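What follows is target38.txt (compact mmCIF, N, CA and C atoms).
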# COMPACT_ATOMS: atom_id res chain seq x y z
N MET A 1 -3.18 -46.66 -44.70
CA MET A 1 -2.72 -46.97 -43.37
C MET A 1 -3.56 -48.13 -42.84
N ASN A 2 -2.91 -49.19 -42.35
CA ASN A 2 -3.70 -50.29 -41.82
C ASN A 2 -4.01 -50.07 -40.35
N ASP A 3 -4.86 -50.95 -39.79
CA ASP A 3 -5.33 -50.77 -38.43
C ASP A 3 -4.24 -50.90 -37.38
N ASN A 4 -3.10 -51.53 -37.71
CA ASN A 4 -2.03 -51.71 -36.74
C ASN A 4 -1.06 -50.53 -36.70
N GLU A 5 -1.23 -49.58 -37.59
CA GLU A 5 -0.37 -48.40 -37.62
C GLU A 5 -1.11 -47.24 -36.96
N HIS A 6 -0.34 -46.28 -36.48
CA HIS A 6 -0.97 -45.06 -35.99
C HIS A 6 -0.16 -43.86 -36.43
N ALA A 7 -0.83 -42.75 -36.49
CA ALA A 7 -0.22 -41.52 -36.99
C ALA A 7 0.82 -41.01 -36.02
N VAL A 8 1.81 -40.38 -36.56
CA VAL A 8 2.81 -39.66 -35.78
C VAL A 8 2.86 -38.27 -36.38
N TYR A 9 2.67 -37.28 -35.57
CA TYR A 9 2.56 -35.91 -36.05
C TYR A 9 3.83 -35.11 -35.80
N ALA A 10 4.12 -34.20 -36.72
CA ALA A 10 5.27 -33.31 -36.61
C ALA A 10 4.85 -31.94 -37.13
N VAL A 11 5.73 -30.97 -36.97
CA VAL A 11 5.44 -29.62 -37.47
C VAL A 11 6.49 -29.23 -38.50
N ALA A 12 6.07 -28.35 -39.40
CA ALA A 12 6.98 -27.86 -40.44
C ALA A 12 6.64 -26.41 -40.75
N PRO A 13 7.67 -25.59 -40.99
CA PRO A 13 7.41 -24.20 -41.38
C PRO A 13 6.90 -24.14 -42.81
N GLU A 14 5.95 -23.28 -43.05
CA GLU A 14 5.39 -23.07 -44.38
C GLU A 14 5.17 -21.57 -44.54
N LEU A 15 4.87 -21.15 -45.74
CA LEU A 15 4.52 -19.75 -45.93
C LEU A 15 3.29 -19.43 -45.10
N GLY A 16 3.36 -18.40 -44.31
CA GLY A 16 2.21 -18.00 -43.51
C GLY A 16 2.07 -18.70 -42.17
N GLY A 17 3.05 -19.49 -41.76
CA GLY A 17 2.96 -20.11 -40.45
C GLY A 17 3.50 -21.53 -40.44
N TRP A 18 3.04 -22.30 -39.48
CA TRP A 18 3.50 -23.67 -39.28
C TRP A 18 2.36 -24.64 -39.54
N THR A 19 2.71 -25.84 -40.05
CA THR A 19 1.73 -26.88 -40.34
C THR A 19 2.00 -28.08 -39.45
N VAL A 20 0.93 -28.65 -38.88
CA VAL A 20 1.02 -29.92 -38.18
C VAL A 20 0.64 -30.96 -39.22
N TYR A 21 1.51 -31.97 -39.41
CA TYR A 21 1.23 -32.96 -40.45
C TYR A 21 1.47 -34.38 -39.96
N ASP A 22 0.82 -35.31 -40.62
CA ASP A 22 0.96 -36.74 -40.37
C ASP A 22 2.22 -37.19 -41.10
N THR A 23 3.18 -37.73 -40.38
CA THR A 23 4.46 -38.10 -41.00
C THR A 23 4.36 -39.31 -41.91
N LYS A 24 3.26 -40.06 -41.84
CA LYS A 24 3.09 -41.20 -42.73
C LYS A 24 2.45 -40.81 -44.06
N THR A 25 1.47 -39.91 -44.01
CA THR A 25 0.77 -39.50 -45.23
C THR A 25 1.33 -38.20 -45.79
N LEU A 26 2.05 -37.45 -44.96
CA LEU A 26 2.58 -36.12 -45.28
C LEU A 26 1.46 -35.10 -45.54
N GLU A 27 0.26 -35.43 -45.10
CA GLU A 27 -0.89 -34.53 -45.22
C GLU A 27 -1.04 -33.74 -43.93
N PRO A 28 -1.56 -32.49 -44.03
CA PRO A 28 -1.83 -31.73 -42.81
C PRO A 28 -2.81 -32.48 -41.92
N ALA A 29 -2.62 -32.34 -40.62
CA ALA A 29 -3.55 -32.93 -39.66
C ALA A 29 -4.90 -32.24 -39.80
N LEU A 30 -5.97 -33.00 -39.57
CA LEU A 30 -7.32 -32.45 -39.56
C LEU A 30 -7.85 -32.48 -38.14
N VAL A 31 -8.35 -31.35 -37.67
CA VAL A 31 -9.00 -31.28 -36.37
C VAL A 31 -10.37 -30.67 -36.61
N LYS A 32 -11.40 -31.45 -36.32
CA LYS A 32 -12.78 -31.04 -36.58
C LYS A 32 -12.96 -30.60 -38.02
N GLY A 33 -12.31 -31.31 -38.93
CA GLY A 33 -12.45 -31.05 -40.36
C GLY A 33 -11.62 -29.88 -40.89
N VAL A 34 -10.78 -29.29 -40.04
CA VAL A 34 -9.98 -28.12 -40.43
C VAL A 34 -8.52 -28.53 -40.54
N ARG A 35 -7.91 -28.27 -41.69
CA ARG A 35 -6.48 -28.53 -41.87
C ARG A 35 -5.69 -27.62 -40.94
N GLN A 36 -4.72 -28.20 -40.27
CA GLN A 36 -3.94 -27.46 -39.28
C GLN A 36 -2.71 -26.84 -39.94
N VAL A 37 -2.96 -25.74 -40.64
CA VAL A 37 -1.94 -24.99 -41.36
C VAL A 37 -2.00 -23.53 -40.94
N GLY A 38 -0.91 -22.82 -41.13
CA GLY A 38 -0.88 -21.39 -40.82
C GLY A 38 -0.90 -21.09 -39.33
N LEU A 39 -0.45 -22.02 -38.52
CA LEU A 39 -0.45 -21.84 -37.07
C LEU A 39 0.83 -21.15 -36.60
N GLY A 40 0.77 -20.58 -35.42
CA GLY A 40 1.97 -20.07 -34.77
C GLY A 40 2.82 -21.27 -34.32
N ARG A 41 4.11 -21.06 -34.13
CA ARG A 41 5.01 -22.16 -33.78
C ARG A 41 4.59 -22.84 -32.48
N GLU A 42 4.30 -22.07 -31.44
CA GLU A 42 3.94 -22.67 -30.16
C GLU A 42 2.64 -23.46 -30.25
N ALA A 43 1.66 -22.94 -30.97
CA ALA A 43 0.38 -23.64 -31.13
C ALA A 43 0.58 -24.94 -31.91
N ALA A 44 1.38 -24.90 -32.95
CA ALA A 44 1.64 -26.09 -33.75
C ALA A 44 2.36 -27.16 -32.92
N ASP A 45 3.37 -26.76 -32.17
CA ASP A 45 4.09 -27.71 -31.32
C ASP A 45 3.16 -28.33 -30.28
N ALA A 46 2.32 -27.50 -29.66
CA ALA A 46 1.40 -27.99 -28.64
C ALA A 46 0.39 -28.97 -29.24
N LEU A 47 -0.14 -28.65 -30.41
CA LEU A 47 -1.11 -29.53 -31.05
C LEU A 47 -0.47 -30.86 -31.44
N ALA A 48 0.72 -30.82 -32.01
CA ALA A 48 1.42 -32.05 -32.37
C ALA A 48 1.64 -32.91 -31.12
N ASP A 49 2.00 -32.29 -30.01
CA ASP A 49 2.20 -33.03 -28.76
C ASP A 49 0.90 -33.71 -28.32
N VAL A 50 -0.22 -32.98 -28.40
CA VAL A 50 -1.51 -33.54 -27.99
C VAL A 50 -1.90 -34.71 -28.90
N LEU A 51 -1.77 -34.53 -30.20
CA LEU A 51 -2.14 -35.60 -31.14
C LEU A 51 -1.25 -36.83 -30.95
N ASN A 52 0.03 -36.62 -30.73
CA ASN A 52 0.94 -37.75 -30.50
C ASN A 52 0.62 -38.46 -29.19
N THR A 53 0.25 -37.72 -28.16
CA THR A 53 -0.14 -38.32 -26.89
C THR A 53 -1.40 -39.16 -27.07
N MET A 54 -2.36 -38.63 -27.82
CA MET A 54 -3.58 -39.39 -28.11
C MET A 54 -3.24 -40.71 -28.80
N GLU A 55 -2.32 -40.65 -29.75
CA GLU A 55 -1.95 -41.86 -30.50
C GLU A 55 -1.23 -42.88 -29.63
N ARG A 56 -0.41 -42.41 -28.70
CA ARG A 56 0.30 -43.34 -27.82
C ARG A 56 -0.66 -44.03 -26.85
N THR A 57 -1.65 -43.29 -26.36
CA THR A 57 -2.57 -43.86 -25.37
C THR A 57 -3.72 -44.64 -25.99
N ALA A 58 -4.18 -44.23 -27.16
CA ALA A 58 -5.28 -44.92 -27.85
C ALA A 58 -5.05 -44.81 -29.35
N PRO A 59 -4.26 -45.71 -29.91
CA PRO A 59 -3.94 -45.63 -31.35
C PRO A 59 -5.19 -45.48 -32.21
N GLY A 60 -5.10 -44.52 -33.13
CA GLY A 60 -6.21 -44.22 -34.03
C GLY A 60 -7.15 -43.16 -33.50
N SER A 61 -6.99 -42.75 -32.24
CA SER A 61 -7.92 -41.80 -31.63
C SER A 61 -7.81 -40.40 -32.21
N SER A 62 -6.68 -40.06 -32.82
CA SER A 62 -6.54 -38.72 -33.38
C SER A 62 -7.03 -38.65 -34.81
N LEU A 63 -7.37 -39.79 -35.40
CA LEU A 63 -7.80 -39.82 -36.79
C LEU A 63 -9.30 -39.63 -36.90
N VAL A 64 -9.72 -38.75 -37.79
CA VAL A 64 -11.15 -38.53 -38.01
C VAL A 64 -11.47 -38.58 -39.48
N ARG A 65 -12.66 -39.01 -39.77
CA ARG A 65 -13.16 -38.99 -41.14
C ARG A 65 -14.11 -37.82 -41.24
N SER A 66 -14.54 -37.53 -42.45
CA SER A 66 -15.45 -36.42 -42.66
C SER A 66 -16.77 -36.64 -41.92
N ASP A 67 -17.13 -37.92 -41.65
CA ASP A 67 -18.39 -38.22 -40.97
C ASP A 67 -18.23 -38.41 -39.46
N GLY A 68 -17.08 -38.07 -38.93
CA GLY A 68 -16.87 -38.16 -37.48
C GLY A 68 -15.65 -39.01 -37.14
N PRO A 69 -15.48 -39.32 -35.86
CA PRO A 69 -14.31 -40.10 -35.43
C PRO A 69 -14.26 -41.46 -36.12
N SER A 70 -13.04 -41.93 -36.37
CA SER A 70 -12.89 -43.25 -37.01
C SER A 70 -13.06 -44.37 -36.02
Write the structure described by the file as structure tokens, please.
Amino acid sequence: MNDNEHAVYAVAPELGGWTVYDTKTLEPALVKGVRQVGLGREAADALADVLNTMERTAPGSSLVRSDGPS
């Protein structure tokens, strides 16, 4: 992903719950180093909304590396 792109998050049903994922990488979203999988539907929808809002207001703000915010 280059610096001019930003993540767009969505939710998908999986075994054991719902996953919030990055629609560009198709990888689960990471929040504080934790993959956002196995969530309830409402929690997953709410988290995707928050991450997408972060991206609209400050592109790249929802992305983190293992060593902290990018």
Notebook entry, point to check: Can you tell me, as a ChimeraX atom specification, what residues are no more than 8 Å from Gly38 in chain A when counting only N, CA and C atoms, ignoring any on the same chain fewer than 5 positions away?
Noted result: /A:14-20,44
Notebook entry, point to check: Between atom C of Pro13 in chain A and atom C of Val31 in chain A, what is the distance, to one decimal in Å?
Noted result: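 Result for atom C of Pro13 in chain A versus atom C of Val31 in chain A: 19.5 Å, one decimal.
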Checklist line | DSSP helix (DSSP H, G or I) residues within range 8-57 of chain A, as a ChimeraX atom specification | finding: /A:41-57
Notebook entry, point to check: Restricting the calculation to only C-alpha atoms, which member of A:Arg41, A:Asp49, A:Tyr9, A:Ala58 is positioned closest to Ala29 in chain A?
Noted result: A:Tyr9
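The space separating CA of Thr57 in chain A from atom N of Val34 in chain A comes to 22.2 Å.
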Notebook entry, point to check: DSSP says strand (DSSP E or B) for which residues of chain A? Put them as a PyMOL selection string?
Noted result: chain A and resi 9-14+17-22+28+30-31+34-35+39+64-65+68-69
